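Pasted below: query-v9.cif, mmCIF, C-alpha atoms.
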data_data
#
loop_
_atom_site.group_PDB
_atom_site.id
_atom_site.type_symbol
_atom_site.label_atom_id
_atom_site.label_comp_id
_atom_site.auth_asym_id
_atom_site.auth_seq_id
_atom_site.Cartn_x
_atom_site.Cartn_y
_atom_site.Cartn_z
ATOM 1 C CA MET Y 175 -33.452 -18.600 -58.176
ATOM 2 C CA GLU Y 176 -31.320 -19.336 -61.200
ATOM 3 C CA ARG Y 177 -31.863 -17.188 -64.282
ATOM 4 C CA PRO Y 178 -33.314 -18.829 -67.378
ATOM 5 C CA ILE Y 179 -31.125 -19.465 -70.398
ATOM 6 C CA PHE Y 180 -32.646 -19.072 -73.848
ATOM 7 C CA GLN Y 181 -31.091 -21.437 -76.397
ATOM 8 C CA VAL Y 182 -31.919 -21.145 -80.085
ATOM 9 C CA ALA Y 183 -33.598 -24.386 -81.105
ATOM 10 C CA ASP Y 184 -32.603 -26.245 -84.248
ATOM 11 C CA GLU Y 185 -33.617 -29.488 -85.930
ATOM 12 C CA SER Y 186 -31.718 -31.512 -83.317
ATOM 13 C CA HIS Y 187 -34.188 -30.291 -80.662
ATOM 14 C CA VAL Y 188 -37.355 -31.678 -82.271
ATOM 15 C CA ALA Y 189 -37.664 -34.548 -79.771
ATOM 16 C CA VAL Y 190 -37.566 -32.078 -76.869
ATOM 17 C CA LEU Y 191 -39.731 -29.404 -78.495
ATOM 18 C CA LEU Y 192 -42.654 -31.442 -79.841
ATOM 19 C CA PRO Y 193 -43.873 -32.698 -76.431
ATOM 20 C CA LEU Y 194 -43.934 -29.078 -75.231
ATOM 21 C CA VAL Y 195 -45.949 -28.051 -78.291
ATOM 22 C CA ARG Y 196 -48.288 -31.013 -77.730
ATOM 23 C CA ASP Y 197 -48.802 -29.931 -74.088
ATOM 24 C CA TYR Y 198 -49.741 -26.438 -75.218
ATOM 25 C CA HIS Y 199 -52.111 -27.787 -77.865
ATOM 26 C CA ASP Y 200 -53.761 -30.030 -75.283
ATOM 27 C CA PHE Y 201 -54.179 -27.039 -72.949
ATOM 28 C CA GLU Y 202 -55.727 -24.903 -75.712
ATOM 29 C CA GLN Y 203 -57.688 -27.860 -77.134
ATOM 30 C CA ILE Y 204 -55.955 -27.543 -80.499
ATOM 31 C CA VAL Y 205 -56.356 -30.777 -82.427
ATOM 32 C CA LEU Y 206 -53.375 -31.555 -84.663
ATOM 33 C CA SER Y 207 -51.529 -34.755 -85.421
ATOM 34 C CA ASP Y 208 -47.879 -35.135 -84.438
ATOM 35 C CA GLN Y 209 -47.017 -34.888 -88.144
ATOM 36 C CA GLN Y 210 -48.897 -31.589 -88.443
ATOM 37 C CA ARG Y 211 -47.036 -30.239 -85.417
ATOM 38 C CA LEU Y 212 -43.732 -31.344 -86.892
ATOM 39 C CA ASP Y 213 -44.582 -29.719 -90.226
ATOM 40 C CA ALA Y 214 -45.454 -26.477 -88.413
ATOM 41 C CA VAL Y 215 -42.308 -26.410 -86.252
ATOM 42 C CA LEU Y 216 -39.606 -27.493 -88.728
ATOM 43 C CA PRO Y 217 -39.599 -24.301 -90.855
ATOM 44 C CA LEU Y 218 -38.674 -22.332 -87.717
ATOM 45 C CA LEU Y 219 -35.772 -24.640 -86.857
ATOM 46 C CA VAL Y 220 -33.747 -24.407 -90.059
ATOM 47 C CA PRO Y 221 -30.669 -22.163 -90.010
ATOM 48 C CA HIS Y 222 -31.435 -18.568 -91.022
ATOM 49 C CA SER Y 223 -35.201 -19.172 -91.178
ATOM 50 C CA LYS Y 224 -37.020 -16.262 -92.771
ATOM 51 C CA LEU Y 225 -40.190 -17.162 -90.833
ATOM 52 C CA GLY Y 226 -38.997 -16.833 -87.248
ATOM 53 C CA ARG Y 227 -37.151 -18.548 -84.429
ATOM 54 C CA VAL Y 228 -37.772 -20.906 -81.539
ATOM 55 C CA TRP Y 229 -35.867 -20.771 -78.272
ATOM 56 C CA LEU Y 230 -35.776 -23.453 -75.611
ATOM 57 C CA ILE Y 231 -35.948 -22.080 -72.079
ATOM 58 C CA LEU Y 232 -33.585 -23.837 -69.687
ATOM 59 C CA ILE Y 233 -33.233 -23.481 -65.933
ATOM 60 C CA SER Y 234 -30.553 -25.463 -64.123
ATOM 61 C CA GLY Y 235 -29.841 -27.219 -67.422
ATOM 62 C CA LYS Y 236 -33.415 -28.517 -67.705
ATOM 63 C CA VAL Y 237 -35.767 -27.529 -70.541
ATOM 64 C CA VAL Y 238 -38.771 -25.909 -68.875
ATOM 65 C CA GLY Y 239 -40.430 -24.319 -71.892
ATOM 66 C CA TYR Y 240 -40.053 -22.603 -75.216
ATOM 67 C CA ALA Y 241 -40.717 -19.292 -76.914
ATOM 68 C CA THR Y 242 -41.392 -18.547 -80.563
ATOM 69 C CA LEU Y 243 -40.975 -15.332 -82.485
ATOM 70 C CA CYS Y 244 -42.445 -15.020 -85.979
ATOM 71 C CA PHE Y 245 -41.534 -12.371 -88.545
ATOM 72 C CA GLY Y 246 -43.948 -10.280 -90.584
ATOM 73 C CA TYR Y 247 -43.027 -8.870 -93.987
ATOM 74 C CA SER Y 248 -44.228 -5.878 -95.978
ATOM 75 C CA ILE Y 249 -44.097 -6.041 -99.769
ATOM 76 C CA GLU Y 250 -44.700 -2.299 -99.949
ATOM 77 C CA LEU Y 251 -41.702 -1.504 -97.754
ATOM 78 C CA GLY Y 252 -39.625 -4.516 -98.784
ATOM 79 C CA ALA Y 253 -38.545 -5.562 -95.327
ATOM 80 C CA VAL Y 254 -39.402 -7.296 -92.106
ATOM 81 C CA MET Y 255 -41.848 -4.930 -90.468
ATOM 82 C CA HIS Y 256 -42.911 -6.553 -87.240
ATOM 83 C CA LEU Y 257 -42.189 -9.376 -84.892
ATOM 84 C CA LEU Y 258 -44.880 -11.441 -83.241
ATOM 85 C CA MET Y 259 -44.185 -13.196 -79.980
ATOM 86 C CA ASN Y 260 -46.229 -16.172 -80.950
ATOM 87 C CA TYR Y 261 -45.980 -18.276 -77.823
ATOM 88 C CA LEU Y 262 -44.227 -18.640 -74.519
ATOM 89 C CA SER Y 263 -44.707 -21.941 -72.737
ATOM 90 C CA LEU Y 264 -43.369 -22.933 -69.357
ATOM 91 C CA ARG Y 265 -43.864 -26.441 -68.057
ATOM 92 C CA ASN Y 266 -44.349 -27.116 -64.343
ATOM 93 C CA PHE Y 267 -42.155 -24.276 -63.183
ATOM 94 C CA GLU Y 268 -42.744 -21.310 -60.923
ATOM 95 C CA VAL Y 269 -41.629 -18.125 -62.642
ATOM 96 C CA LYS Y 270 -40.766 -14.911 -60.876
ATOM 97 C CA VAL Y 271 -40.228 -11.987 -63.187
ATOM 98 C CA SER Y 272 -38.726 -8.637 -62.305
ATOM 99 C CA VAL Y 273 -38.393 -5.835 -64.796
ATOM 100 C CA ASP Y 274 -35.869 -3.091 -64.046
ATOM 101 C CA LYS Y 275 -36.317 -1.116 -67.255
ATOM 102 C CA LEU Y 276 -38.626 -1.370 -70.201
#
Show me the file's structure as structure tokens.
Amino acid sequence: MERPIFQVADESHVAVLLPLVRDYHDFEQIVLSDQQRLDAVLPLLVPHSKLGRVWLILISGKVVGYATLCFGYSIELGAVMHLLMNYLSLRNFEVKVSVDKL
């Protein structure tokens, strides 16, 4: 099986990303309009976003999902303090994971 490739998403990927987000929202029964989804995703797609990142997951050149990572900030310590793996979505794809080292 071919290994997945994680590609940082940017504003040019909105048309690919939003249907994946919509699929996840449908699965979780989250009711948002397409505009609300767009407004939620765009801040993560700008270069050097201070909020987080989105990666498209590709296998054999086909987008099969996405992952988001959001940053947390501490005023008291003045820096990014934690990362939150917000979501990992895979669409219609069998995934086999092996972990050699943690």
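Residue membership of the PyMOL selection byres ((chain Y and resi 192-194) around 8) in the shown file amounts to Y:Val188, Y:Ala189, Y:Val190, Y:Leu191, Y:Val195, Y:Arg196, Y:Asp197, Y:Tyr198, Y:Asp208, Y:Arg211, Y:Leu212, Y:Gly239, Y:Tyr240, Y:Ser263, Y:Arg265.
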Result set of the PyMOL selection byres ((chain Y and resi 224) around 10) on the coordinates above, as a PyMOL selection string: chain Y and resi 217-218+220-223+225-227+244-247+254
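Residue membership of the PyMOL selection byres ((chain Y and resi 182) around 8) in the shown file amounts to Phe180, Gln181, Ala183, Asp184, Arg227, Val228, Trp229 and Leu230 of chain Y.
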Produce a file of the selected residues containing C-alpha atoms, as a PDB file, in the frame of the given file.
ATOM      1  CA  PHE Y 180     -32.646 -19.072 -73.848  1.00  0.00           C
ATOM      2  CA  GLN Y 181     -31.091 -21.437 -76.397  1.00  0.00           C
ATOM      3  CA  ALA Y 183     -33.598 -24.386 -81.105  1.00  0.00           C
ATOM      4  CA  ASP Y 184     -32.603 -26.245 -84.248  1.00  0.00           C
ATOM      5  CA  ARG Y 227     -37.151 -18.548 -84.429  1.00  0.00           C
ATOM      6  CA  VAL Y 228     -37.772 -20.906 -81.539  1.00  0.00           C
ATOM      7  CA  TRP Y 229     -35.867 -20.771 -78.272  1.00  0.00           C
ATOM      8  CA  LEU Y 230     -35.776 -23.453 -75.611  1.00  0.00           C
TER       9      LEU Y 230
END
As JSON, what would the box around region 222-226 of chain Y look like: edges along x, y and z, 8 Å added on every side, centre and edge lengths in Å to one decimal?
{"center_x": -35.8, "center_y": -17.7, "center_z": -90.0, "size_x": 24.8, "size_y": 18.9, "size_z": 21.5}
Two-atom distance - CA of Pro178 (chain Y), CA of Lys236 (chain Y) (Å): 9.7 Å
Option closest in space to Leu243 (chain Y), from Y:Ile179, Y:His187, Y:Val215, Y:Ser207 [counting all atoms listed in the file]: Y:Val215
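The gap separating CA of Ser234 (chain Y) from CA of Ser186 (chain Y) is 20.2 Å, in Å to one decimal.
Straight-line separation from CA of Ile233 (chain Y) to CA of Glu176 (chain Y): 6.6 Å.
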Using all atoms listed in the file: which of Y:Leu219, Y:Ile231, Y:Val205, Y:Ala214 has the shortest distance to Arg177 (chain Y): Y:Ile231
Where atoms are missing, can you supply N, CA and C atoms for region 215-233 of chain Y and output the lot as a short mmCIF file (atom, residue, chain, number, x, y, z; two decimals), in the coordinates of the input?
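Here's the written file rebuild-v1.cif:
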data_model
loop_
_atom_site.label_atom_id
_atom_site.label_comp_id
_atom_site.auth_asym_id
_atom_site.auth_seq_id
_atom_site.Cartn_x
_atom_site.Cartn_y
_atom_site.Cartn_z
N VAL Y 215 -43.49 -26.82 -87.02
CA VAL Y 215 -42.31 -26.41 -86.25
C VAL Y 215 -41.04 -26.38 -87.11
N LEU Y 216 -40.87 -27.36 -87.98
CA LEU Y 216 -39.61 -27.49 -88.73
C LEU Y 216 -39.17 -26.23 -89.48
N PRO Y 217 -40.06 -25.50 -90.14
CA PRO Y 217 -39.60 -24.30 -90.86
C PRO Y 217 -38.96 -23.24 -89.94
N LEU Y 218 -39.27 -23.28 -88.66
CA LEU Y 218 -38.67 -22.33 -87.72
C LEU Y 218 -37.33 -22.80 -87.17
N LEU Y 219 -36.99 -24.06 -87.43
CA LEU Y 219 -35.77 -24.64 -86.86
C LEU Y 219 -34.59 -24.68 -87.82
N VAL Y 220 -34.84 -24.38 -89.08
CA VAL Y 220 -33.75 -24.41 -90.06
C VAL Y 220 -32.86 -23.18 -89.86
N PRO Y 221 -31.56 -23.32 -90.15
CA PRO Y 221 -30.67 -22.16 -90.01
C PRO Y 221 -31.14 -20.99 -90.87
N HIS Y 222 -31.09 -19.81 -90.31
CA HIS Y 222 -31.44 -18.57 -91.02
C HIS Y 222 -32.88 -18.57 -91.54
N SER Y 223 -33.79 -19.15 -90.77
CA SER Y 223 -35.20 -19.17 -91.18
C SER Y 223 -35.71 -17.75 -91.39
N LYS Y 224 -36.42 -17.56 -92.47
CA LYS Y 224 -37.02 -16.26 -92.77
C LYS Y 224 -38.39 -16.11 -92.09
N LEU Y 225 -38.86 -17.19 -91.45
CA LEU Y 225 -40.19 -17.16 -90.83
C LEU Y 225 -40.17 -16.79 -89.36
N GLY Y 226 -39.08 -17.12 -88.67
CA GLY Y 226 -39.00 -16.83 -87.25
C GLY Y 226 -37.99 -17.73 -86.56
N ARG Y 227 -38.07 -17.76 -85.24
CA ARG Y 227 -37.15 -18.55 -84.43
C ARG Y 227 -37.90 -19.20 -83.28
N VAL Y 228 -37.30 -20.25 -82.76
CA VAL Y 228 -37.77 -20.91 -81.54
C VAL Y 228 -36.60 -20.96 -80.58
N TRP Y 229 -36.88 -20.65 -79.31
CA TRP Y 229 -35.87 -20.77 -78.27
C TRP Y 229 -36.37 -21.75 -77.22
N LEU Y 230 -35.49 -22.62 -76.77
CA LEU Y 230 -35.78 -23.45 -75.61
C LEU Y 230 -35.42 -22.64 -74.38
N ILE Y 231 -36.21 -22.77 -73.34
CA ILE Y 231 -35.95 -22.08 -72.08
C ILE Y 231 -35.44 -23.12 -71.10
N LEU Y 232 -34.21 -22.90 -70.61
CA LEU Y 232 -33.58 -23.84 -69.69
C LEU Y 232 -33.33 -23.17 -68.34
N ILE Y 233 -33.59 -23.91 -67.28
CA ILE Y 233 -33.23 -23.48 -65.93
C ILE Y 233 -32.55 -24.67 -65.28
#
